[in-house]
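target27.cif, holding mmCIF, C-alpha atoms:
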data_my_file
loop_
_atom_site.label_atom_id
_atom_site.label_comp_id
_atom_site.auth_asym_id
_atom_site.auth_seq_id
_atom_site.Cartn_x
_atom_site.Cartn_y
_atom_site.Cartn_z
CA MET A 50 0.00 0.00 0.00
CA CYS A 51 1.07 3.56 -0.61
CA THR A 52 1.35 6.32 1.89
CA ILE A 53 -1.26 9.01 1.82
CA LYS A 54 1.54 11.45 1.06
CA GLU A 55 2.32 9.71 -2.21
CA VAL A 56 -1.31 9.79 -3.25
CA LEU A 57 -1.65 13.45 -2.31
CA LYS A 58 1.46 14.40 -4.24
CA TYR A 59 0.30 12.61 -7.34
CA THR A 60 -3.26 13.91 -7.16
CA MET A 61 -2.16 17.48 -6.64
CA SER A 62 0.28 17.26 -9.48
CA ARG A 63 -2.44 16.13 -11.85
CA TYR A 64 -5.36 18.29 -10.81
CA ARG A 65 -5.91 21.14 -13.23
CA PRO A 66 -7.08 23.82 -12.81
CA PRO A 67 -5.92 23.66 -9.21
CA ASP A 68 -8.16 26.43 -7.95
CA ASP A 69 -11.08 24.03 -7.96
CA LEU A 70 -9.44 21.66 -5.52
CA THR A 71 -10.56 21.67 -1.90
CA LEU A 72 -9.67 19.45 1.01
CA SER A 73 -13.06 17.79 0.93
CA ARG A 74 -12.68 17.16 -2.79
CA LEU A 75 -9.26 15.63 -2.17
CA ILE A 76 -10.76 13.29 0.40
CA GLN A 77 -13.49 12.29 -2.02
CA ILE A 78 -10.93 11.60 -4.74
CA ILE A 79 -8.83 9.40 -2.48
CA TYR A 80 -11.92 7.56 -1.28
CA LEU A 81 -13.08 6.86 -4.83
CA ALA A 82 -9.59 5.70 -5.76
CA ASP A 83 -9.50 3.33 -2.79
CA TRP A 84 -12.98 2.06 -3.68
CA ARG A 85 -12.10 1.56 -7.33
CA ALA A 86 -8.88 -0.23 -6.37
CA SER A 87 -10.90 -2.47 -4.04
CA ILE A 88 -13.20 -3.33 -6.93
CA ASP A 89 -10.42 -3.91 -9.43
CA ARG A 90 -7.83 -5.68 -7.31
CA SER A 91 -9.37 -6.39 -3.93
CA ARG A 92 -7.25 -3.93 -1.99
CA GLN A 93 -7.05 -0.22 -1.39
CA ILE A 94 -4.30 2.02 -2.67
CA THR A 95 -3.82 3.59 0.75
CA ASP A 96 -4.05 2.18 4.26
CA ILE A 97 -6.65 4.74 5.28
CA GLU A 98 -9.41 3.42 7.52
CA TRP A 99 -12.58 4.85 6.08
CA GLN A 100 -15.78 5.67 7.90
CA MET A 101 -19.13 6.80 6.58
CA VAL A 102 -20.98 9.68 8.12
CA ASN A 103 -24.31 10.37 6.47
CA GLY A 104 -23.03 8.80 3.31
CA GLU A 105 -19.90 10.95 3.24
CA PRO A 106 -16.54 9.17 3.44
CA LYS A 107 -14.33 10.25 6.33
CA MET A 108 -10.67 9.39 6.91
CA ASP A 109 -9.41 8.06 10.20
CA ASP A 110 -7.88 10.74 12.42
CA SER A 111 -4.31 9.68 11.84
CA SER A 112 -4.65 9.86 8.06
CA LEU A 113 -6.43 13.17 8.24
CA ASP A 114 -3.64 14.54 10.42
CA GLN A 115 -1.06 13.37 7.93
CA MET A 116 -2.98 14.99 5.12
CA ILE A 117 -3.36 18.30 6.90
CA LYS A 118 0.28 18.36 7.95
CA PHE A 119 1.37 17.63 4.43
CA VAL A 120 -0.78 20.41 3.02
CA GLU A 121 0.34 22.86 5.71
CA ALA A 122 4.00 21.98 5.28
CA ASN A 123 3.83 22.63 1.58
CA SER A 124 1.42 25.50 1.34
CA LYS A 125 3.39 28.03 3.39
CA GLY A 126 0.27 29.97 4.08
CA GLU A 127 -0.96 29.87 0.52
CA THR A 128 -4.40 28.68 -0.44
CA LEU A 129 -4.77 25.08 -1.42
CA GLY A 130 -5.36 26.17 -4.99
CA SER A 131 -2.11 28.06 -5.24
CA LEU A 132 -0.33 25.23 -3.49
CA VAL A 133 -1.55 22.80 -6.09
CA GLN A 134 -0.41 25.16 -8.80
CA ASN A 135 3.11 24.45 -7.62
CA PHE A 136 2.68 20.71 -7.54
CA TYR A 137 4.25 19.15 -10.55
CA GLU A 138 5.41 15.62 -10.69
CA GLU A 139 9.00 16.57 -11.28
CA LYS A 140 9.08 18.72 -8.15
CA PHE A 141 8.59 15.63 -6.03
CA GLY A 142 10.73 13.27 -7.97
CA LYS A 143 9.62 9.88 -9.08
CA THR A 144 6.39 8.69 -7.54
CA LYS A 145 6.28 5.39 -5.73
CA LEU A 146 2.84 4.65 -7.09
CA THR A 147 2.59 1.71 -9.47
CA GLU A 148 1.24 2.14 -12.99
CA VAL A 149 -2.02 0.49 -11.92
CA GLU A 150 -2.40 2.84 -8.98
CA LYS A 151 -1.63 5.84 -11.16
CA ASN A 152 -4.20 4.69 -13.70
CA ILE A 153 -6.86 4.42 -11.03
CA LEU A 154 -6.06 7.87 -9.70
CA ASN A 155 -6.08 9.24 -13.24
CA ILE A 156 -9.58 7.85 -13.78
CA VAL A 157 -10.85 9.42 -10.58
CA ILE A 158 -9.13 12.75 -11.15
CA LYS A 159 -10.64 12.92 -14.63
CA LYS A 160 -14.09 12.29 -13.18
CA ALA A 161 -13.52 15.05 -10.66
CA LEU A 162 -12.39 17.45 -13.36
CA ASP A 163 -15.21 16.57 -15.76
CA LYS A 164 -17.98 16.99 -13.23
CA SER A 165 -19.39 19.85 -11.24
CA GLY A 166 -18.88 19.70 -7.50
CA GLU A 167 -22.45 18.55 -6.98
CA GLU A 168 -22.23 15.87 -9.64
CA PHE A 169 -18.98 14.53 -8.22
CA THR A 170 -20.47 14.44 -4.73
CA GLN A 171 -23.48 12.63 -6.15
CA LEU A 172 -21.12 10.03 -7.61
CA VAL A 173 -19.36 9.57 -4.27
CA HIS A 174 -22.66 9.23 -2.46
CA SER A 175 -23.92 6.75 -5.03
CA THR A 176 -21.22 4.21 -4.30
CA PHE A 177 -22.19 0.98 -2.62
CA PRO A 178 -20.42 1.71 0.71
CA SER A 179 -22.00 5.12 0.93
CA LEU A 180 -25.48 3.73 0.36
CA THR A 181 -25.24 0.70 2.56
CA LEU A 182 -23.39 1.73 5.67
CA ASP A 183 -24.86 3.33 8.71
CA GLU A 184 -23.44 6.34 10.41
CA ASN A 185 -20.02 5.86 11.93
CA ASP A 186 -19.62 2.37 10.57
CA ARG A 187 -16.07 1.44 9.77
CA VAL A 188 -15.74 0.56 6.13
CA ASP A 189 -13.93 -2.50 4.90
CA LEU A 190 -13.75 -1.50 1.27
CA PRO A 191 -12.24 -4.75 -0.11
CA ASP A 192 -14.88 -6.85 1.67
CA LEU A 193 -17.68 -4.66 0.41
CA ALA A 194 -16.19 -4.62 -3.06
CA LYS A 195 -16.29 -8.41 -3.15
CA ILE A 196 -20.04 -8.39 -2.45
CA TYR A 197 -20.55 -5.58 -4.90
CA VAL A 198 -18.64 -7.23 -7.73
CA GLU A 199 -19.99 -10.73 -7.24
CA GLU A 200 -23.60 -10.03 -6.33
CA ILE A 201 -24.73 -6.49 -6.81
CA ARG A 202 -23.14 -5.21 -9.97
CA PRO A 203 -24.21 -8.15 -12.15
CA GLU A 204 -27.80 -7.61 -11.04
CA LEU A 205 -27.56 -3.93 -11.79
CA ALA A 206 -26.18 -4.62 -15.24
CA GLN A 207 -28.89 -7.18 -15.91
CA ALA A 208 -31.64 -4.85 -14.72
CA SER A 209 -30.42 -1.94 -16.80
CA GLY A 210 -29.41 -3.97 -19.82
CA LEU A 211 -26.16 -2.08 -19.90
CA PRO A 212 -22.70 -3.63 -20.01
CA LEU A 213 -20.42 -3.18 -17.02
CA THR A 214 -18.06 -0.28 -17.39
CA ALA A 215 -14.39 -0.82 -16.95
CA MET B 66 -41.10 -5.89 -0.86
CA ILE B 67 -38.54 -4.82 1.66
CA ASP B 68 -35.94 -7.23 0.51
CA ALA B 69 -33.33 -7.76 3.17
CA GLY B 70 -31.22 -9.79 0.82
CA LYS B 71 -31.03 -7.09 -1.74
CA TRP B 72 -29.98 -3.55 -1.73
CA LYS B 73 -30.81 -1.68 -4.89
CA SER B 74 -30.16 1.82 -5.72
CA THR B 75 -31.29 4.87 -3.88
CA PHE B 76 -30.40 7.84 -2.16
CA GLY B 77 -27.65 9.91 -0.88
CA SER B 78 -26.56 13.38 -0.25
CA LEU B 79 -25.24 16.85 -0.81
CA THR B 80 -24.81 20.25 0.71
CA ILE B 81 -27.99 21.14 2.53
CA LEU B 82 -27.69 23.90 5.03
CA GLY B 83 -29.71 26.18 2.79
CA VAL B 84 -32.46 23.60 2.54
CA VAL B 85 -32.64 23.16 6.28
CA MET B 86 -32.77 26.89 6.79
CA SER B 87 -35.43 27.40 4.16
CA LEU B 88 -37.69 24.82 5.68
CA SER B 89 -37.95 26.45 9.06
CA GLY B 90 -40.59 28.79 7.69
CA GLY B 91 -42.76 25.81 6.89
CA ILE B 92 -42.67 24.48 10.41
CA ALA B 93 -43.56 27.84 11.81
CA GLN B 94 -46.58 27.93 9.55
CA ILE B 95 -47.75 24.55 10.79
CA ALA B 96 -47.56 25.88 14.31
CA LEU B 97 -50.29 28.33 13.36
CA THR B 98 -52.81 25.52 13.07
CA PRO B 99 -55.58 26.71 15.36
CA GLY B 100 -56.85 24.91 18.39
CA ASN B 101 -53.98 22.61 19.17
CA ARG B 102 -51.72 23.92 21.85
CA THR B 103 -49.85 20.66 22.32
CA LEU B 104 -48.95 20.57 18.70
CA GLN B 105 -47.80 24.17 18.84
CA ILE B 106 -45.53 23.46 21.80
CA SER B 107 -44.11 20.38 20.11
CA LEU B 108 -43.40 22.35 17.00
CA ARG B 109 -41.70 25.10 18.97
CA GLN B 110 -39.42 22.54 20.59
CA SER B 111 -38.69 21.12 17.21
CA GLU B 112 -37.79 24.57 16.00
CA ASP B 113 -35.14 24.68 18.70
CA GLU B 114 -33.90 21.32 17.60
CA ARG B 115 -33.81 22.52 14.01
CA GLY B 116 -31.75 25.49 15.09
CA LYS B 117 -29.20 23.19 16.65
CA LEU B 118 -29.13 21.09 13.52
CA SER B 119 -28.48 24.14 11.40
CA GLU B 120 -25.66 25.15 13.68
CA ASN B 121 -24.15 21.75 13.20
CA ASN B 122 -24.06 22.50 9.49
CA GLN B 123 -25.57 19.27 8.31
CA THR B 124 -24.17 18.55 4.95
CA SER B 125 -25.91 15.72 3.27
CA PHE B 126 -29.13 14.89 1.58
CA ARG B 127 -29.49 11.92 3.87
CA SER B 128 -29.06 14.00 6.98
CA ALA B 129 -31.40 16.67 5.61
CA ILE B 130 -34.18 14.17 5.14
CA SER B 131 -33.39 12.55 8.45
CA ASP B 132 -33.64 15.92 10.18
CA GLU B 133 -37.04 16.51 8.68
CA LEU B 134 -38.24 13.10 9.79
CA LEU B 135 -36.78 13.61 13.26
CA ILE B 136 -39.02 16.61 13.70
CA LEU B 137 -42.11 14.64 12.76
CA TYR B 138 -40.92 11.82 15.00
CA ASP B 139 -40.64 14.10 18.01
CA ILE B 140 -44.00 15.66 17.41
CA LEU B 141 -45.60 12.22 17.34
CA ASN B 142 -43.65 11.32 20.47
CA LEU B 143 -42.70 7.89 19.21
CA GLU B 144 -40.05 7.45 21.91
CA ASN B 145 -37.74 4.56 21.08
CA LEU B 146 -40.39 2.46 19.47
CA GLY B 147 -41.08 4.11 16.16
CA ARG B 148 -39.72 4.79 12.73
CA ILE B 149 -40.60 7.27 10.02
CA SER B 150 -39.46 6.65 6.47
CA LEU B 151 -39.62 8.49 3.19
CA TYR B 152 -39.88 6.43 0.01
CA HIS B 153 -39.60 7.79 -3.51
CA ASP B 154 -41.29 6.43 -6.60
CA ASP B 155 -39.03 4.87 -9.23
CA ASP B 156 -41.73 4.50 -11.84
CA VAL B 157 -39.36 3.07 -14.43
CA ASN B 158 -38.57 0.05 -12.29
CA ARG B 159 -41.94 0.10 -10.53
CA LYS B 160 -40.37 0.28 -7.11
CA LEU B 161 -40.40 2.61 -4.16
CA LYS B 162 -36.92 3.40 -2.98
CA LEU B 163 -36.03 4.30 0.55
CA LEU B 164 -34.81 7.90 0.55
CA GLY B 165 -34.64 8.65 4.21
CA GLN B 166 -35.46 7.23 7.56
CA TYR B 167 -35.43 8.19 11.21
CA SER B 168 -35.68 5.95 14.25
CA ARG B 169 -34.15 6.17 17.71
CA ASP B 170 -33.44 2.46 17.79
CA ARG B 171 -30.85 1.61 15.16
CA ARG B 172 -32.06 -1.96 15.05
CA PHE B 173 -35.01 -0.62 13.09
CA ASP B 174 -32.84 1.01 10.42
CA GLU B 175 -33.06 -0.38 6.93
CA ASP B 176 -30.12 0.36 4.70
CA PHE B 177 -30.60 2.81 1.92
CA THR B 178 -30.41 0.31 -0.87
CA TYR B 179 -33.73 -1.23 0.11
CA PHE B 180 -36.79 -0.91 -2.05
CA CYS B 181 -40.41 -1.87 -1.99
CA ASN B 182 -42.17 -3.29 -5.02
CA TYR B 183 -45.41 -1.63 -6.02
CA ASP B 184 -47.73 -4.33 -4.72
CA GLU B 185 -45.82 -5.54 -1.67
CA TRP B 186 -45.66 -4.65 2.01
CA ALA B 187 -48.08 -2.15 3.47
CA LEU B 188 -46.48 0.55 1.33
CA GLY B 189 -47.14 -1.37 -1.87
CA VAL B 190 -50.72 -1.97 -0.84
CA ALA B 191 -51.12 1.74 -0.15
CA TRP B 192 -49.39 2.75 -3.35
CA VAL B 193 -51.79 0.97 -5.68
CA ARG B 194 -54.75 2.61 -3.99
CA GLN B 195 -55.92 5.76 -5.62
CA ASN B 196 -55.56 7.88 -2.50
CA GLY B 197 -52.35 6.14 -1.38
CA PHE B 198 -53.56 5.93 2.20
CA TYR B 199 -53.02 3.06 4.61
CA PHE B 200 -53.62 2.65 8.32
CA GLU B 201 -53.55 -0.24 10.78
CA ASP B 202 -53.13 0.10 14.52
CA ASN B 203 -53.51 -3.37 15.92
CA LEU B 204 -51.36 -5.71 13.88
CA PRO B 205 -50.47 -9.08 15.43
CA MET B 206 -47.95 -9.18 18.24
CA ASP B 207 -47.19 -12.84 17.85
CA ILE B 208 -44.39 -13.20 15.28
CA GLU B 209 -45.88 -16.19 13.53
CA SER B 210 -49.24 -14.48 13.10
CA TYR B 211 -47.47 -11.32 12.02
CA CYS B 212 -45.56 -13.10 9.28
CA GLN B 213 -48.69 -14.87 8.12
CA MET B 214 -50.43 -11.53 7.93
CA CYS B 215 -47.53 -10.22 5.81
CA VAL B 216 -48.00 -13.09 3.40
CA ASN B 217 -51.78 -12.85 3.20
CA GLN B 218 -52.34 -9.11 3.28
CA TRP B 219 -49.09 -7.61 2.06
CA ASN B 220 -48.08 -10.10 -0.65
CA MET B 221 -44.71 -10.74 0.96
CA ASN B 222 -42.89 -14.03 0.99
CA ILE B 223 -42.47 -15.61 4.37
CA GLU B 224 -38.71 -15.32 4.47
CA VAL B 225 -38.75 -11.59 3.81
CA ALA B 226 -41.51 -11.17 6.39
CA ASN B 227 -39.42 -13.00 8.95
CA ASN B 228 -36.47 -10.75 8.22
CA LEU B 229 -38.31 -7.46 8.60
CA ARG B 230 -36.23 -5.38 10.97
CA MET B 231 -39.29 -3.77 12.41
CA LYS B 232 -42.54 -5.63 12.90
CA SER B 233 -44.78 -2.64 13.33
CA ARG B 234 -48.11 -2.94 15.05
CA THR B 235 -49.20 0.54 14.10
CA ILE B 236 -48.54 1.77 10.59
CA CYS B 237 -49.82 4.76 8.68
CA ILE B 238 -48.91 5.73 5.13
CA ARG B 239 -49.53 9.05 3.49
CA PRO B 240 -48.52 9.90 -0.07
CA ILE B 241 -46.67 12.99 -1.18
CA LYS B 242 -47.98 14.36 -4.44
CA ASN B 243 -46.48 16.78 -6.88
CA PHE B 244 -48.15 19.95 -8.08
CA ASN B 245 -50.08 17.92 -10.64
CA ARG B 246 -51.40 15.73 -7.81
CA ARG B 247 -49.45 12.70 -8.94
CA LYS B 248 -48.00 10.55 -6.15
CA THR B 249 -44.23 10.86 -6.15
CA SER B 250 -43.27 9.69 -2.67
CA ALA B 251 -44.73 8.39 0.54
CA LEU B 252 -44.23 8.86 4.24
CA VAL B 253 -44.47 5.74 6.38
CA PHE B 254 -45.13 6.18 10.10
CA GLU B 255 -44.61 3.09 12.25
CA SER B 256 -44.48 1.93 15.84
CA VAL B 257 -43.99 -1.46 17.40
CA ASN B 258 -46.75 -0.53 19.85
CA SER B 259 -50.37 -1.04 18.95
CA GLN B 260 -52.50 2.08 18.85
CA ALA B 261 -49.40 4.23 19.04
CA PHE B 262 -51.09 7.01 17.12
CA THR B 263 -54.30 7.67 15.24
CA GLN B 264 -54.89 8.51 11.60
CA GLU B 265 -56.32 11.80 12.73
CA ARG B 266 -53.08 12.61 14.51
CA ILE B 267 -51.09 11.91 11.36
CA ASP B 268 -53.44 13.99 9.24
CA GLU B 269 -53.19 16.78 11.76
CA LEU B 270 -49.41 16.50 11.47
CA MET B 271 -49.63 16.62 7.71
CA ASN B 272 -51.62 19.79 8.24
CA GLN B 273 -54.06 19.40 5.39
CA GLY B 274 -51.37 18.93 2.83
CA TYR B 275 -48.95 21.57 4.01
CA GLU B 276 -46.37 19.09 5.24
CA GLU B 277 -46.82 17.11 2.05
CA GLU B 278 -46.09 20.16 -0.04
CA ARG B 279 -43.05 21.00 2.07
CA MET B 280 -41.63 17.51 1.58
CA HIS B 281 -42.34 17.72 -2.10
CA ARG B 282 -40.46 21.00 -2.35
CA LEU B 283 -37.54 19.49 -0.46
CA LEU B 284 -37.38 16.55 -2.86
CA ARG B 285 -37.58 18.84 -5.86
CA ARG B 286 -34.53 20.70 -4.65
CA TRP B 287 -32.58 17.49 -4.82
CA GLU B 288 -34.03 16.27 -8.07
CA GLY B 289 -31.30 15.10 -10.40
CA LEU B 290 -28.76 14.90 -7.60
CA ILE B 291 -30.21 12.07 -5.58
CA PRO B 292 -27.55 9.39 -5.32
CA ASP B 293 -28.30 6.11 -6.98
CA LEU B 294 -26.23 2.95 -7.16
CA ASN B 295 -26.78 2.82 -10.92
CA ILE B 296 -24.89 6.09 -11.28
CA ALA B 297 -21.78 4.73 -9.59
CA SER B 298 -22.06 1.42 -11.38
CA ARG B 299 -22.32 3.06 -14.79
CA GLU B 300 -19.16 5.05 -14.07
CA GLY B 301 -17.14 2.05 -12.96
CA PHE B 302 -17.46 2.50 -9.24
#
As structure tokens:
Amino acid sequence: MCTIKEVLKYTMSRYRPPDDLTLSRLIQIIYLADWRASIDRSRQITDIEWQMVNGEPKMDDSSLDQMIKFVEANSKGETLGSLVQNFYEEKFGKTKLTEVEKNILNIVIKKALDKSGEEFTQLVHSTFPSLTLDENDRVDLPDLAKIYVEEIRPELAQASGLPLTA
Amino acid sequence: MIDAGKWKSTFGSLTILGVVMSLSGGIAQIALTPGNRTLQISLRQSEDERGKLSENNQTSFRSAISDELLILYDILNLENLGRISLYHDDDVNRKLKLLGQYSRDRRFDEDFTYFCNYDEWALGVAWVRQNGFYFEDNLPMDIESYCQMCVNQWNMNIEVANNLRMKSRTICIRPIKNFNRRKTSALVFESVNSQAFTQERIDELMNQGYEEERMHRLLRRWEGLIPDLNIASREGF
């Protein structure tokens, strides 16, 4: 698994225009990436322990602390948007993310960039964990993904008559 | 049917503080209903509660709906024995999807992927009626009789009936209609106690359609942004 710092660095380096990026959007992106990775390869990209609060993904305190410290250490009082403006891959050297992990993050970042804030939030809140878990439940994304892939998604595809998207 | 083995799409969230704030006017108007001091006091207390909720900056569609239902729940004084749910019509799939729910006892909570088919459970029975109304206040206490009643009167299969998280003895259903008077959603009031409330009490709460209109307006605000499992599935999540 990758550190949250690696994921943050990569996401910030790819998010354009950076002014649109907020902390809550960053959290949503990382959650969706972890969920997608759980679907595709039965494990998260990060070791974040996710919780759901009213359908909204929340990081565990330790991960959130790491994220905030990382942002603070690099922003030097600037806004998050201007911080991200300075985040280019080369500035941080070679990422430790694998190609598969980068591809997953690229997919999610593209979704975030293509959608309005409301639409992206709707997508996050439409995911299986968000819809099924009660408040404050800890989320085991790989376990839920197994149920989703084996039982739920095939039924959805059958009901809608649409093929599964990759 | 409320299918415990399934999930199905539904519901979700988004930024809502504005919605919560805008609805407070509606509650105040209900409090003007003449000749019911108890109701007025209850509503005033709920206003306080709403104020606290606003301060907490509730941020999701789910919590917004839940807050609304909490207010109704308190007014009805359902203690720890009740549940109020909001279902929304998915007329394409001929199902009613759970949009929001409030109960003090989490054992009564259904998850938000549940749905009810048009002709199943008390809600299905109500839905196919022209007026969409349903009321029972003395359903069987004995579990076996209860399940049999589910099979005979609510078109449920016995396994699903057995797995119902809440075997309500009082249940009242009232539809929410749009401006063209078409049913779009329904409120389900339940208690595990018999004779926990009367139809008249519910109708008083609905305030001759005012509460219905308020709920309808709330749902319209979220139209097009209500989370749905199909959305995530289509996008590869």
Evaluate the PyMOL selection byres ((chain B and resi 183-191) around 8) and record the selected residues as a count of residues only, following the chain and residue labels used in the document. 20
For this file, the PyMOL selection byres ((chain A and resi 178) around 9) selects which residues, as a PyMOL selection string? chain A and resi 84+101+104+106+174-177+179-182+188-190+193-194
Nearest to chain A among B:Asn245, B:Gln218, B:Gln166, B:Gln195, with distances taken over only C-alpha atoms: which residue is it? B:Gln166
Take the PyMOL selection byres ((chain A and resi 96) around 10), apply it to the structure above, and return the hits as a VMD selection string. chain A and resid 50 to 53 83 92 to 95 97 to 99 109 112
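Each of B:Leu284, B:Ile136, B:Leu163, B:Ile208 was compared to chain A using only C-alpha atoms, and B:Leu163 turns out to be the nearest.
Between CA of Gly301 (chain B) and CA of Arg85 (chain A) the interatomic distance comes to 7.6 Å.
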Rank A:Glu55, A:Asp192, A:Glu150, A:Asp89 by their smallest atom-to-atom distance to chain B, using only C-alpha atoms, and report the top residue only. A:Asp89
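Proximity ranking of A:Leu146, A:Val157, A:Ile79, A:Ala86 relative to Lys195 (chain A) places A:Ala86 first, based on all atoms listed in the file.
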Set up a box along x, y and z of the file covering all listed atoms of region 170-173 of chain A, add 8 Å on every one of the six sides, and write the centre and edge lengths in Å to one decimal, as AutoDock Vina command-line options.
--center_x -21.4 --center_y 12.0 --center_z -5.9 --size_x 20.1 --size_y 20.9 --size_z 19.3
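For the set A:Leu113, A:Leu81, A:Ala122, A:Val149, the residue with the smallest atom-to-atom gap to Glu300 (chain B) is A:Leu81, counting all atoms listed in the file.
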